[in-house]
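What follows is a single structure, written as structure tokens, with notes after it.
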Amino acid sequence: MTGDAAPRAEGPAFPVVVRCLVTALTAWVFLAGWRVIDQPVIRQASFAAQALIVAGLAVLLIVTFWVWRSRTTVTAVDIRQTWIWSKRVAWADVSHAKMIYVPYLAWLVAPRLVVRSGAGMVTVFHAADHELLTAFTHYALAPEQRQR
């Protein structure tokens, strides 16, 4: 990378294998639930218990949707990730950054950047793309490159 060109990167937050595993596990939970839905224990459960089951399944579907849809963007100004609730931290506010990367398992364990901002708030950004990891490294390891 040249010193003049500030990298901007955008890509999926989670690796394809992780997204497929989440989808497979979600499908397995729904299939298992479908098999036992007609059991007397389920039919005789209280309304609150049944509502809790439905709420849990809804949360599972929402998380699965966002694992597929979530994207991370890194610019000279900030880092953002779309999610159920989107995250954004300005580089100027970052007091500490730590990269978590498991060599040879990045396809399964999504690499992430953990940043601590001024008030001590910790935010985690996931990255499944090599360009994102390069941009993470560029800004996290070289604070003078950040726009302040």
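Letters for chains follow the order of the structure tokens (A, B, ...), residue numbers begin at 1 for each chain, and ligand numbers begin at 1 in the order shown.
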
What lies within 10 Å of region 92-100 of chain A using only C-alpha atoms, ignoring chain neighbours under 6 positions off, as a ChimeraX atom specification? /A:76-78,106,109-126,133,136-137,139-141,143,146-148

Extract, using only C-alpha atoms, all DNA, RNA and protein residues at most 7 Å from Pro15 (chain A), discarding same-chain residues fewer than 3 positions from it, and format them as an mmCIF file with C-alpha atoms, in the first residue's frame.
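So the final result, stored in out_36.cif, reads:
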```cif
data_model
loop_
_atom_site.group_PDB
_atom_site.id
_atom_site.type_symbol
_atom_site.label_atom_id
_atom_site.label_comp_id
_atom_site.auth_asym_id
_atom_site.auth_seq_id
_atom_site.Cartn_x
_atom_site.Cartn_y
_atom_site.Cartn_z
ATOM 1 C CA VAL A 18 -19.894 -19.797 9.289
ATOM 2 C CA ARG A 19 -22.977 -18.537 7.453
ATOM 3 C CA TRP A 107 -12.778 -19.867 7.447
ATOM 4 C CA LEU A 108 -14.506 -21.058 10.640
ATOM 5 C CA ALA A 110 -14.408 -15.097 11.936
ATOM 6 C CA ALA A 128 -14.431 -12.335 6.486
#
```

List every residue of region 27-113 of chain A that has an atom at most 6 Å from any atom of region 7-13 of chain A, giving for each one its closest atom pair and the distance in Å to one decimal, counting only C-alpha atoms, sorted by chain and then by ascending residue number, as a tab-separated table.
```
residue	atom	partner	partner_atom	distance
A:Ser70	CA	A:Ala13	CA	5.6
A:Arg71	CA	A:Pro12	CA	4.4
A:Thr72	CA	A:Ala13	CA	5.5
A:Thr73	CA	A:Glu10	CA	4.3
A:Val74	CA	A:Ala9	CA	5.3
A:Thr75	CA	A:Arg8	CA	4.7
```

Can those selected residues be exported to a file as a short mmCIF file (atom, residue, chain, number, x, y, z; two decimals), in the first residue's frame so that it contains C-alpha atoms?
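As a result, out_6.cif now contains:
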```
data_model
loop_
_atom_site.label_atom_id
_atom_site.label_comp_id
_atom_site.auth_asym_id
_atom_site.auth_seq_id
_atom_site.Cartn_x
_atom_site.Cartn_y
_atom_site.Cartn_z
CA SER A 70 -23.98 -8.24 7.95
CA ARG A 71 -21.24 -6.19 6.26
CA THR A 72 -18.24 -4.39 7.67
CA THR A 73 -16.85 -1.15 6.23
CA VAL A 74 -13.50 0.40 7.10
CA THR A 75 -12.59 3.93 6.01
#
```

So which residues touch Ile53 (chain A) within 12 Å, counting only C-alpha atoms, skipping near sequence neighbours fewer than 6 positions away, as a PDB file with N, CA and C atoms, in the first residue's frame?
```pdb
ATOM      1  N   VAL A  29     -32.672 -27.078  14.053  1.00  0.00           N
ATOM      2  CA  VAL A  29     -33.543 -26.739  15.193  1.00  0.00           C
ATOM      3  C   VAL A  29     -35.004 -26.742  14.759  1.00  0.00           C
ATOM      4  N   PHE A  30     -35.287 -26.151  13.598  1.00  0.00           N
ATOM      5  CA  PHE A  30     -36.671 -26.131  13.122  1.00  0.00           C
ATOM      6  C   PHE A  30     -37.166 -27.534  12.763  1.00  0.00           C
ATOM      7  N   GLY A  33     -37.842 -29.317  15.977  1.00  0.00           N
ATOM      8  CA  GLY A  33     -39.077 -28.766  16.544  1.00  0.00           C
ATOM      9  C   GLY A  33     -40.315 -29.269  15.828  1.00  0.00           C
ATOM     10  N   ILE A  37     -43.514 -31.127  17.614  1.00  0.00           N
ATOM     11  CA  ILE A  37     -44.557 -30.116  17.807  1.00  0.00           C
ATOM     12  C   ILE A  37     -45.889 -30.717  18.250  1.00  0.00           C
ATOM     13  N   ILE A  42     -45.794 -30.471  24.582  1.00  0.00           N
ATOM     14  CA  ILE A  42     -45.795 -29.167  23.901  1.00  0.00           C
ATOM     15  C   ILE A  42     -47.221 -28.622  23.815  1.00  0.00           C
ATOM     16  N   ALA A  45     -48.449 -27.327  27.199  1.00  0.00           N
ATOM     17  CA  ALA A  45     -47.653 -26.288  27.848  1.00  0.00           C
ATOM     18  C   ALA A  45     -48.467 -24.998  27.953  1.00  0.00           C
ATOM     19  N   SER A  46     -48.109 -24.182  28.909  1.00  0.00           N
ATOM     20  CA  SER A  46     -48.817 -22.913  29.087  1.00  0.00           C
ATOM     21  C   SER A  46     -48.569 -21.995  27.888  1.00  0.00           C
ATOM     22  N   PHE A  47     -49.432 -20.994  27.779  1.00  0.00           N
ATOM     23  CA  PHE A  47     -49.274 -20.031  26.698  1.00  0.00           C
ATOM     24  C   PHE A  47     -47.913 -19.338  26.797  1.00  0.00           C
ATOM     25  N   VAL A  59     -35.902 -15.258  17.304  1.00  0.00           N
ATOM     26  CA  VAL A  59     -34.550 -14.730  17.511  1.00  0.00           C
ATOM     27  C   VAL A  59     -33.551 -15.505  16.660  1.00  0.00           C
ATOM     28  N   LEU A  60     -33.699 -16.810  16.610  1.00  0.00           N
ATOM     29  CA  LEU A  60     -32.813 -17.648  15.799  1.00  0.00           C
ATOM     30  C   LEU A  60     -32.888 -17.255  14.320  1.00  0.00           C
TER      31      LEU A  60
END
```

Nearby residues (only C-alpha atoms) at most 9 Å from Trp66 (chain A), same-chain spacing under 4 positions excluded, as a PDB file with C-alpha atoms, in the first residue's frame:
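Listed below is the output, around30.pdb:
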```
ATOM      1  CA  LEU A  61     -34.253 -16.603  12.418  1.00  0.00           C
ATOM      2  CA  ILE A  62     -33.300 -12.953  12.947  1.00  0.00           C
ATOM      3  CA  SER A  70     -23.979  -8.236   7.950  1.00  0.00           C
ATOM      4  CA  THR A  82     -24.361  -3.622   9.915  1.00  0.00           C
ATOM      5  CA  TRP A  83     -26.151  -5.951  12.287  1.00  0.00           C
ATOM      6  CA  ILE A  84     -29.488  -6.179  14.090  1.00  0.00           C
TER       7      ILE A  84
END
```

Run DSSP on the backbone of this structure and report the residues of chain A it assigns to strand (DSSP E or B), as a ChimeraX atom specification. /A:9-12,71-74,78-81,87-90,94-100,112-117,122-126

Taking the chain letters and numbering used in this document, name the residues of chain A that DSSP puts in alpha helix (DSSP H), as a ChimeraX atom specification. /A:16-36,40-43,47-69,130-141

Give the answer as one residue: which of A:Ala127, A:Ala27, A:Ala51, A:Leu105 has the shortest atom-to-atom distance to Arg80 (chain A), using only C-alpha atoms?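 When distances to Arg80 (chain A) are compared using only C-alpha atoms, the smallest one comes from A:Ala127.
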
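Separating CA of Pro103 (chain A) from CA of Ile79 (chain A) is a distance of 23.1 Å.
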
Separation of CA of Thr64 (chain A) and CA of Gln39 (chain A), in Å?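 These two atoms are separated by 26.7 Å.
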
Out of A:Val67, A:Ala48, A:Ala135, A:Ala58, which residue has the shortest atom-to-atom distance to Val16 (chain A) when counting only C-alpha atoms?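 Closest to Val16 (chain A), using only C-alpha atoms: A:Val67.
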